[in-house]
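Below is one structure; the comments refer to it alone.
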Amino acid sequence: MIRYIIKRLLQSIITLFIVLTIVFFLMRLMPEEGYFGENYEKLDEVQRETILTNMGLRNPIHIQLIDFYKGLFQGDLGKSIIYRPGVEIVGILKSKIPYSLKSGLAALMISLIAGIPLGISMALNKDKMWDSIGTGYIVFISAFPSAVYYLFLQLYISDIFKLPVLFNVDDMRSWILPIVSMSLGGIASYAMWMRRYIIDELNKDYVKLARAKGLNKKSIMVHHVLRNAFVPMVQYLPSTILFTISGSIYIESLYSIPGMGGLLVDVIQRQDNTLVQAIVLIYSSIGIFGLFTGDILMVLLDPRIKIQRGGSR
Amino acid sequence: MKEEVVLSVKDLVIKFKLRGKVLTAIREISLDIYKAESLAIVGESGSGKSVFVKSFIGLLDGNGWIDSGKIIYKGQNIADYNNEKDWLKIRGKEIAMVFQEPMTSLNPLKTIGSQVREAVVLHSSLRGKAAKEKTIEILRDVGISKPEKRYNQYPHEFSGGMRQRVVIAIAIACNPKILICDEPTTALDVTIQAQILELLKSLKMKYNLTIVFITHDLGVVANVADRIAVMYAGDIVEIGKSEEVFYNSQHPYTWALLSSLPQFAEKCQSLYSIQGTPPNLFNSVKGDAFASRNKKALKIDYEIRPPYFTISPTHKARTWLLDIRAPKVDPPDSIKALQRNWRGNR
């Protein structure tokens with residue numbers, strides 16, 4: 001068990017290093033204009049070279065890589081060049097993340113609280129009216145481009161309920177529409193997976209045996225089916241939670257929320273190389289860490305994994 | 001000696017709705033199950049064996065229903081039960097069932113102990129430590145060594161045979177009167193099969209159980225059954241004491257079934273197999289269901305369904321061959337030899 005966790009942790013760290021290195025090299029392929037911002041036109045060739053040399057970008061590539069890692073270990077992601085020239089990237093992110101995190105977590109909570117019971121009740125009423133309504137909703141959400149219903153909510157629902165269409169930190173009501181918009185997709189996917197896993201479990205032989213030994217439907221659901229159906233869901237939960245900090249790109253720009261979502265697109269368009277590098281790093285670390293946590297949770301919940309992995313160590 | 005009937009089935013008809021059509025899976029079966037006997041129901045796949053016994057505990061698939069007939073248990077017609085609450089009085093506590101898939105019949109995420117214990121707690125007043133002790137005792141009874149240690153293990157740590165023992169332990173833990181074993185050894189290899197059958201025999205003695213075996217393996221039957229019921233196309237075509245059905249079989253289907261046993265095959269000849277396929281149960285069956293596969297079928301076999309003819313007080317068969325007006329039709333040679341020995345010995 002402990003061994004498995006350590007092994008899995010080492011794997012994650014190695015993966016992270018590989019990803020970081022790939023990002024590093026990719027960034028070196030970007031056009032160098034990105035390092036000068038608006039001053040590019042004003043500078044002559046010699047001045048540009050001086051700036052690049054000062055930034056260490058004319059050092060041999062392996063020295064650059066070592067410097068890059070040195071900076072990372074000290075928590076230094078570098079400075080923004082164009083987006084907010086000269087400002088520490090860590091500071092920029094610190095100001096952005098809370099907005100995305102708050103709205104993201106709220107949307108995630110709503111998705112879970114509505115989506116999971118919806119999936120359960122659909123599975124229990126399989127092929128009946130309620131299941132069809134739920135399936136209709138899931139199909140609608142998955143089939144329509146999300147922009148369509150996002151805009152619909154912003155245009156019409158805001159009118160009906162007199163809700164603000166632009167984000168304002170001090171107005172709680174302005175959080176409602178963006179959060180609801182973000183939840184719709186989550187509700188649909190949680191309901192879909194929950195329904196599917198429960199139906200999978202209900203058709204298994206151990207449920208037949210549980211019925212034959214005289215357990216009532218409720219005990220079978222609570223003690224056998226639900227727990228087993230949650231296991232595959234749990235694996236992806238940490239990633240989902242972590243990714244709330246990255247924000248929803250489209251919704252944040254639609255409602256002008258000053259979060260992380262818009263930032264990446266913005267800085268890519270404006271070629272702020274160091275900032276792009278920092279954000280990509282954060283996203284990939286989150287992804288790797290999320291998968292790691294999910295795997296660990298799986299081990300805690302599913303006894304079969306311990307033995308299989310442990311046996312081959 | 002008159003034996004006590006524990007469960008009595010009368011003219012049971014079970015139908016299924018499949019792809020918009022109605023299929024009659026069980027066609028008017030009547031059967032008495034006696035206390036503390038072991039009855040084997042044999043028949044090929046699709047003959048309705050499983051469906052028949054599943055109806056005793058209300059576990060028919062959702063698209064199936066009891067169309068008519070009665071299942072009398074303890075003076076009640078359980079065929080009329082139509083809600084979960086009624087069935088919960090029967091399931092486990094009165095009639096327990098062992099399924100044929102030991103590899104998947106246990107919840108992979110719960111310990112063996114907790115799954116057996118669940119049945120103990122459900123059907124007795126034992127709780128806490130006492131329930132655990134009882135569970136360990138039952139695990140020991142079904143031949144699991146070191147039950148204290150095994151209690152906390154998970155199904156994946158058990159072999160197929162061991163899992164089947166656990167499934168049997170769960171059934172025993174319910175403390176039932178009747179134990180239905182639906183092909184309990186089909187998924188196991190031969191040496192394990194024998195062990196499981198021995199186990200069931202000893203449990204039958206210890207817990208005074210009535211056991212109903214479902215199987216298509218006549219070898220299993222010979223090993224354990226007091227009585228045999230031969231099923232074909234949703235009907236019992238012949239029923240009698242084991243030796244009667246083995247040595248003095250009367251129904252052409254039973255003959256065919258016995259002839260296909262490897263023990264009866266002549267050296268250097270291919271094994272006998274029954275030609276044709278069972279009748280389509282979506283249509284109503286006219287006459288004797290086996291007629292179309294029976295080379296020596298009589299004309300009346302295609303016309304009128306045969307009644308039961310009594311061969312002995314314990315042995316009866318549904319075939320027109322037993323009618324006094326029937327022409328003499330010889331069974332296959334191997335069966336004839338069996339019958340000759342049997343009569344000679346009496």
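In the structure tokens, the first chain shown is A, the next is B, and so on; residue numbers restart at 1 for each chain, and ligands run from 1 in the order shown.
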
**Report entry** DSSP-assigned strand (DSSP E or B) among segment 136-243 of chain B, expressed as a ChimeraX atom specification
**Finding:** /B:178-182,210-215,227-232,235-241

Query raised in the report: Taking only C-alpha atoms into account, what are the residues of chain A at most 10 Å from chain B, put as a list in words?
Result: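 That gives Glu201, Lys204, Asp205, Tyr206, Val207, Lys208, Leu209, Ala210, Arg211, Ala212, Lys213, Gly214, Leu215, Asn216, Lys217, His223, His224, Val225, Arg227, Asn228, Val231, Leu301, Asp302, Pro303, Arg304, Ile307 and Gln308 of chain A for chain A.
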
Query raised in the report: Can you list, as a PyMOL selection string, every protein, DNA or RNA residue that comes within 10 Å of Ala123 of chain A when you count only C-alpha atoms, leaving out same-chain residues fewer than 6 positions away?
Result: chain A and resi 117+130-131+191-192+194-200+202

Query - Residues near segment 74-82 of chain A, cut-off 10 Å, only C-alpha atoms, skip fewer than 6 positions along chain, as a list of chain:residue names - result: A:Gly34, A:Tyr35, A:Phe36, A:Gly37, A:Glu38, A:Asn39, A:Phe68, A:Glu88, A:Ile89, A:Val90, A:Gly91, A:Ile92, A:Val267, A:Arg270, A:Gln271, A:Asp272, A:Asn273, A:Thr274, A:Leu275, A:Val276, A:Gln277, A:Ala278, A:Ile279, A:Leu281

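Ranking B:Ser45, B:Ala317, B:Gly240, B:Asp189 by their shortest atom-to-atom distance to Ser159 of chain B, with only C-alpha atoms included, puts B:Asp189 first.
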
Query raised in the report: Contacts of Ser181 of chain A at 9 Å or less, counting only C-alpha atoms, minus same-chain residues fewer than 5 places along, as number ranges by chain?
Result: A: 107, 146, 149-150, 153-154, 176, 251

Query raised in the report: Ile138 of chain B: which residues within 9 Å, counting only C-alpha atoms, same-chain residues fewer than 2 positions away excluded, as a VMD selection string?
Result: chain B and resid 116 133 to 136 140 to 144 147 169 to 170 172 to 173

Selection file, C-alpha atoms, as a short mmCIF file (atom, residue, chain, number, x, y, z; two decimals), in the first residue's frame:
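Saved to again-v8.cif:
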```cif
data_model
loop_
_atom_site.label_atom_id
_atom_site.label_comp_id
_atom_site.auth_asym_id
_atom_site.auth_seq_id
_atom_site.Cartn_x
_atom_site.Cartn_y
_atom_site.Cartn_z
CA VAL B 116 -21.74 -13.86 4.92
CA GLU B 133 -18.64 -15.98 15.57
CA LYS B 134 -21.60 -17.55 13.82
CA THR B 135 -20.19 -16.36 10.46
CA ILE B 136 -16.83 -17.94 11.21
CA ARG B 140 -15.68 -23.48 8.77
CA ASP B 141 -18.72 -25.64 7.99
CA VAL B 142 -18.36 -25.02 4.27
CA GLY B 143 -14.76 -26.14 4.44
CA ILE B 144 -12.85 -22.88 4.47
CA PRO B 147 -11.89 -18.83 8.67
CA ALA B 169 -22.01 -20.27 3.16
CA ILE B 170 -24.17 -17.23 2.42
CA ILE B 172 -26.58 -21.57 4.67
CA ALA B 173 -26.28 -18.45 6.80
#
```

Query raised in the report: DSSP says helix (DSSP H, G or I) for which residues of segment 107-326 of chain B? Put them as a ChimeraX atom specification?
Result: /B:112-123,128-141,147-150,155-157,160-173,190-207,218-224,242-247,252-259,262-264,291-293,300-302,320-322

Query raised in the report: Could you work out how far atom CA of Val42 of chain B lies from atom CA of Gly276 of chain B, giving the answer in Å with one decimal?
Result: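 Going from atom CA of Gly276 of chain B over to atom CA of Val42 of chain B, I get 18.8 Å.
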
Query raised in the report: Residues at most 9 Å from Ala222 of chain B, counting only C-alpha atoms, excluding those fewer than 6 positions away in the same chain, as a list of chain:residue names?
Result: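 Residues meeting the cut-off are B:Ser242, B:Glu243, B:Phe246.
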
Dump as a PDB file, in the first residue's frame, selection limited to N, CA, C and O atoms:
```pdb
ATOM      1  N   SER B 242     -33.973 -41.696  -8.546  1.00  0.00           N
ATOM      2  CA  SER B 242     -32.788 -41.683  -9.411  1.00  0.00           C
ATOM      3  C   SER B 242     -32.611 -42.990 -10.163  1.00  0.00           C
ATOM      4  O   SER B 242     -32.428 -43.007 -11.378  1.00  0.00           O
ATOM      5  N   GLU B 243     -32.683 -44.097  -9.408  1.00  0.00           N
ATOM      6  CA  GLU B 243     -32.417 -45.380 -10.075  1.00  0.00           C
ATOM      7  C   GLU B 243     -33.505 -45.680 -11.103  1.00  0.00           C
ATOM      8  O   GLU B 243     -33.220 -46.255 -12.154  1.00  0.00           O
ATOM      9  N   PHE B 246     -32.658 -43.556 -14.131  1.00  0.00           N
ATOM     10  CA  PHE B 246     -31.438 -44.010 -14.797  1.00  0.00           C
ATOM     11  C   PHE B 246     -31.613 -45.384 -15.460  1.00  0.00           C
ATOM     12  O   PHE B 246     -31.221 -45.584 -16.595  1.00  0.00           O
TER      13      PHE B 246
END
```

Query - Which residue of A:Leu291, A:Leu166, A:Ala114, A:Ala188 approaches Arg8 of chain A most closely, using only C-alpha atoms - result: A:Leu291

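As for atom CA of Thr254 of chain B and atom CA of Thr215 of chain B, they are spaced 14.3 Å apart.
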
Contact table segment 42-131 of chain A vs segment 13-17 of chain A, cut-off 12 Å, shortest pair per residue, only C-alpha atoms, as a tab-separated table:
```
residue	atom	partner	partner_atom	distance
A:Leu65	CA	A:Phe17	CA	11.5
A:Phe68	CA	A:Phe17	CA	11.8
A:Tyr69	CA	A:Phe17	CA	9.5
A:Leu72	CA	A:Phe17	CA	11.3
```

Query raised in the report: Between atom CA of Glu28 of chain B and atom CA of Ile66 of chain B, what is the spacing in Å?
Result: 10.7 Å
